[in-house]
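Asker: First, the structure itself, so that you have it in front of you.
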Number of protein chains: 2
Amino acid sequence: MTVFQRYSDDLDTIDQNLINYLKSGDRYLNGSLDYLKTMRGKMLRPLLSLIGAEIAKTQRDLVIATSLEMLHIGTLIHDDVIDESKLRRGKESIQSKYSKEYAIYLGDYLFSSLFVYLSGTGIDKSELVGLAKLMQQICLAEMKQWHHRYNTDQSVREYLRIISGKTAALFSLALGSAAKEPPLKQKLQRIGYHLGMAFQIQDDLLDFEGDEALVGKELQKDLLIGNYNLPILFALEEEPERMRRLLSTQTDLSSEIRQLVMESAAYDRTRQLLNRYFDKIDQAIVSLPGNQGRQDLQELIGVLRSRAY
Amino acid sequence: MTVFQRYSDDLDTIDQNLINYLKSGDRYLNGSLDYLKTMRGKMLRPLLSLIGAEIAKTQRDLVIATSLEMLHIGTLIHDDVIDESKLRRGKESIQSKYSKEYAIYLGDYLFSSLFVYLSGTGIDKSELVGLAKLMQQICLAEMKQWHHRYNTDQSVREYLRIISGKTAALFSLALGSAAKEPPLKQKLQRIGYHLGMAFQIQDDLLDFEGDEALVGKELQKDLLIGNYNLPILFALEEEPERMRRLLSTQTDLSSEIRQLVMESAAYDRTRQLLNRYFDKIDQAIVSLPGNQGRQDLQELIGVLRSRAY
């Protein structure tokens with residue numbers, strides 16, 4: 001039994017609850033929600049919150065888990081509008097299937113529903129603020145990223161700050177959400193944070209070398225829309241002049257850019273940074289309580305570490 | 001002194017608070033917020049909530065007033081993306097000045113900030129749910145409207161349901177928010193609701209016959225994007241075949257369509273419906289406590305009733 005299977009009952013419930021909660025009297029909306037249901041992803045963020053509860057020996061909180069996925073899906077829907085992505089999770093994206101306009105409203109609907117949902121539960125006001133701040137942080141990071149498009153002077157540090165807000169903050173909140181006492185909560189949050197950073201850097205590498213059919217979304221889109229991801233930024237550090245020249249004339253991931261990333265230290269530095277995040281996770285994980293939850297987390301990290309999708 | 005002047009201190013504070021609250025460490029974001037500040041509108045929704053407090057003799061609630069404007073601005077920013085509107089409040093729209101992509105994220109940022117802001121105040125959870133539900137209702141209505149584009153079979157009843165969610169619900173919440181006891185609260189909510197309906201129908205008429213320089217946004221856009229507003233829907237009822245033929249070949253408000261709306265009963269029926277909403281307001285308003293707040297509301301309604309912008 002894999003870790004995904006061990007949590008599949010709860011993940012199915014979350015998936016079900018989420019779509020059912022969003023349904024309204026509107027047939028058209030309900031149709032698009034049914035379609036959204038067929039696009040179910042790995043549900044990593046809810047899974048992290050469930051595993052966090054196993055580690056902390058607290059009750060699994062399906063409300064938080066559901067809201068994390070709702071927030072995530074809302075941001076994906078808007079991201080696909082911005083990137084004009086046609087493919088998401090191996091299927092036609094909402095913006096491509098239903099139009100950009102509809103995708104903007106559907107994302108907004110998910111965000112507002114998230115707060116209706118949360119306020120209707122027994123959730124603490126502090127947890128509610130936490131989730132609203134998380135969404136705010138994601139928006140700020142997305143705005144920063146958008147603002148840095150085509151910026152060959154963007155520093156690696158600035159880029160890492162952006163992916164920290166875009167991805168790592170959500171992973172951090174997810175894994176730490178179930179723990180009550182500060183020391184364990186903080187440990188879980190840190191592990192979640194590093195996992196989010198690693199996850200995003202892997203996405204950068206997959207964008208560079210992944211198999212589109214496996215990954216289930218269009219690849220090499222980053223460069224097309226001027227988002228210089230980590231391999232590109234490292235290549236700009238290594239070979240500033242050549243890289244700038246290439247980027248100024250080529251708008252897609254040409255074989256020349258690819259070659260320069262591979263031949264310079266850029267590719268290796270990206271891999272090294274990725275490994276450093278995984279090493280930090282490995283070091284931190286051994287200090288967690290030695291229970292089934294920890295084993296589940298270790299297994300999940302193993303799966304993520306070797307992911308090709 | 002006009003009603004706007006009598007409330008200008010609080011309206012200025014709200015306008016100030018709103019932008020200051022949204023500012024972050026990001027220079028680019030702050031620049032766009034400064035620009036947003038120059039686009040200050042009539043601030044009708046906050047004003048309604050302040051007048052409601054005067055009528056109900058309760059404390060003016062600047063938190064609610066600020067959040068109503070934040071929500072409204074967020075929806076305007078996204079609406080302009082959808083409609084590709086270049087002009088808003090007499091200035092270049094956010095989507096035109098900063099790109100559609102940025103406008104999507106800025107709207108999202110306003111929505112998330114709204115909930116961070118609200119959760120950080122002493123607001124009741126029930127009021128928080130109320131605002132989240134309001135945003136949900138607005139999204140649902142916008143989705144419905146989008147879905148009905150180019151639908152010559154859309155009924156007037158369905159259209160009224162849409163503008164009820166898009167506009168009247170927010171006016172209703174605004175005017176009723178400060179009242180505590182149910183009978184007065186409900187009265188104010190009903191007046192706010194009817195005022196919202198009237199306001200939206202006026203927008204339809206202004207779209208048809210307004211002066212762009214005065215209104216401060218592009219006119220005759222509804223038809224361009226397939227939104228059949230009230231004069232058009234009435235004309236479809238009056239002259240179904242001629243109107244369908246015209247709409248199937250003409251994508252803008254041509255002189256033929258204009259003529260058909262004016263010559264058929266469509267234009268008059270729109271005006272009549274508008275007057276019926278104002279009559280309902282006039283009838284309800286006399287049963288409110290006879291204080292300065294009521295006079296302010298009456299003055300505001302007078303201004304709105306004769307507005308050409």
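Convention: chains lettered A, B, ... in structure tokens order; per-chain residue numbering from 1; ligands numbered from 1 as shown.
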Find the residues of chain B in contact range of chain A, meaning any atom within 9 Å when counting only C-alpha atoms, and list them as a ChimeraX atom specification.
Answerer: /B:24,26,28-29,78,81-83,100-102,104-106,108-120,125-126,128-140,142-144,146-147
Asker: Okay, now the selection with C-alpha atoms, as a compact mmCIF listing (two decimals), in the first residue's frame?
Answerer:
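Saved file result.txt follows:
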```txt
# COMPACT_ATOMS: atom_id res chain seq x y z
CA SER B 24 3.15 46.27 1.01
CA ASP B 26 6.58 46.01 -3.07
CA TYR B 28 5.52 48.17 -8.10
CA LEU B 29 2.36 47.17 -6.24
CA HIS B 78 -11.78 41.98 -12.87
CA VAL B 81 -10.41 42.54 -17.73
CA ILE B 82 -13.46 40.62 -18.93
CA ASP B 83 -14.94 43.52 -20.87
CA LYS B 100 -4.78 42.00 -18.02
CA GLU B 101 -2.46 39.63 -16.18
CA TYR B 102 -1.56 42.16 -13.54
CA ILE B 104 -6.22 39.58 -12.46
CA TYR B 105 -3.64 39.30 -9.69
CA LEU B 106 -4.40 42.76 -8.31
CA ASP B 108 -7.18 38.61 -6.30
CA TYR B 109 -4.93 40.55 -3.99
CA LEU B 110 -7.79 42.89 -3.08
CA PHE B 111 -10.12 39.96 -2.39
CA SER B 112 -7.62 38.20 -0.14
CA SER B 113 -6.70 41.47 1.58
CA LEU B 114 -10.38 42.06 2.23
CA PHE B 115 -10.54 38.90 4.33
CA VAL B 116 -7.23 39.55 6.06
CA TYR B 117 -8.52 43.03 6.90
CA LEU B 118 -11.89 41.82 8.14
CA SER B 119 -10.52 38.93 10.20
CA GLY B 120 -8.12 41.33 11.90
CA LYS B 125 -18.17 35.95 12.29
CA SER B 126 -21.73 36.36 10.97
CA LEU B 128 -17.75 38.01 7.84
CA VAL B 129 -19.90 35.23 6.37
CA GLY B 130 -22.25 37.90 5.08
CA LEU B 131 -19.50 39.61 3.12
CA ALA B 132 -18.06 36.34 1.80
CA LYS B 133 -21.55 35.28 0.67
CA LEU B 134 -22.02 38.63 -0.98
CA MET B 135 -18.84 38.18 -2.97
CA GLN B 136 -19.94 34.65 -3.88
CA GLN B 137 -23.30 36.00 -5.03
CA ILE B 138 -21.63 38.64 -7.19
CA CYS B 139 -19.43 35.98 -8.82
CA LEU B 140 -22.41 33.72 -9.46
CA GLU B 142 -21.30 37.55 -13.22
CA MET B 143 -20.91 33.93 -14.34
CA LYS B 144 -24.59 33.77 -15.24
CA TRP B 146 -21.34 35.75 -19.04
CA HIS B 147 -23.11 32.51 -19.80
```
Asker: Based on the backbone DSSP call, show me all residues of region 68-268 of chain A assigned alpha helix (DSSP H), as number ranges by chain.
Answerer: A: 68-83, 94-98, 100-119, 125-147, 156-163, 169-176, 182-209, 212-215, 221-224, 230-238, 240-249, 255-263, 266-268
Asker: Quick one: DSSP strand (DSSP E) residues in region 68-250 of chain A, as a VMD selection string?
Answerer: chain A and resid 87 to 88 91 to 92
Asker: Could you please determine the separation between CA of Gly52 (chain B) and CA of Leu175 (chain B) in Å, to one decimal place?
Answerer: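 It comes out at 5.0 Å.
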Asker: Identify, on the basis of only C-alpha atoms, every residue whose closest approach to region 254-267 of chain A does not exceed 12 Å; exclude the query and any residue fewer than 3 positions from it along the same chain; express the result as an NGL selection string.
Answerer: :A and (156 or 201-202 or 204-209 or 220 or 223-224 or 228-251 or 270-274)
Asker: Fewer than 5 positions away in the same chain doesn't count, so skip those; otherwise give me all residues within 7 Å of region 182-192 of chain A, counting only C-alpha atoms, as a VMD selection string.
Answerer: chain A and resid 171 to 173 175 to 176 281 284
Asker: Since we have the selection now, will you write its residues out, keeping C-alpha atoms, as a short mmCIF file (atom, residue, chain, number, x, y, z; two decimals), in the first residue's frame?
Answerer:
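Just written: again.cif:
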```
data_model
loop_
_atom_site.label_atom_id
_atom_site.label_comp_id
_atom_site.auth_asym_id
_atom_site.auth_seq_id
_atom_site.Cartn_x
_atom_site.Cartn_y
_atom_site.Cartn_z
CA PHE A 171 3.11 23.61 1.82
CA SER A 172 4.32 25.00 5.14
CA LEU A 173 0.85 25.90 6.37
CA LEU A 175 2.01 20.32 7.00
CA GLY A 176 1.99 22.37 10.19
CA ILE A 281 14.25 17.95 5.00
CA ALA A 284 14.76 17.74 10.14
#
```
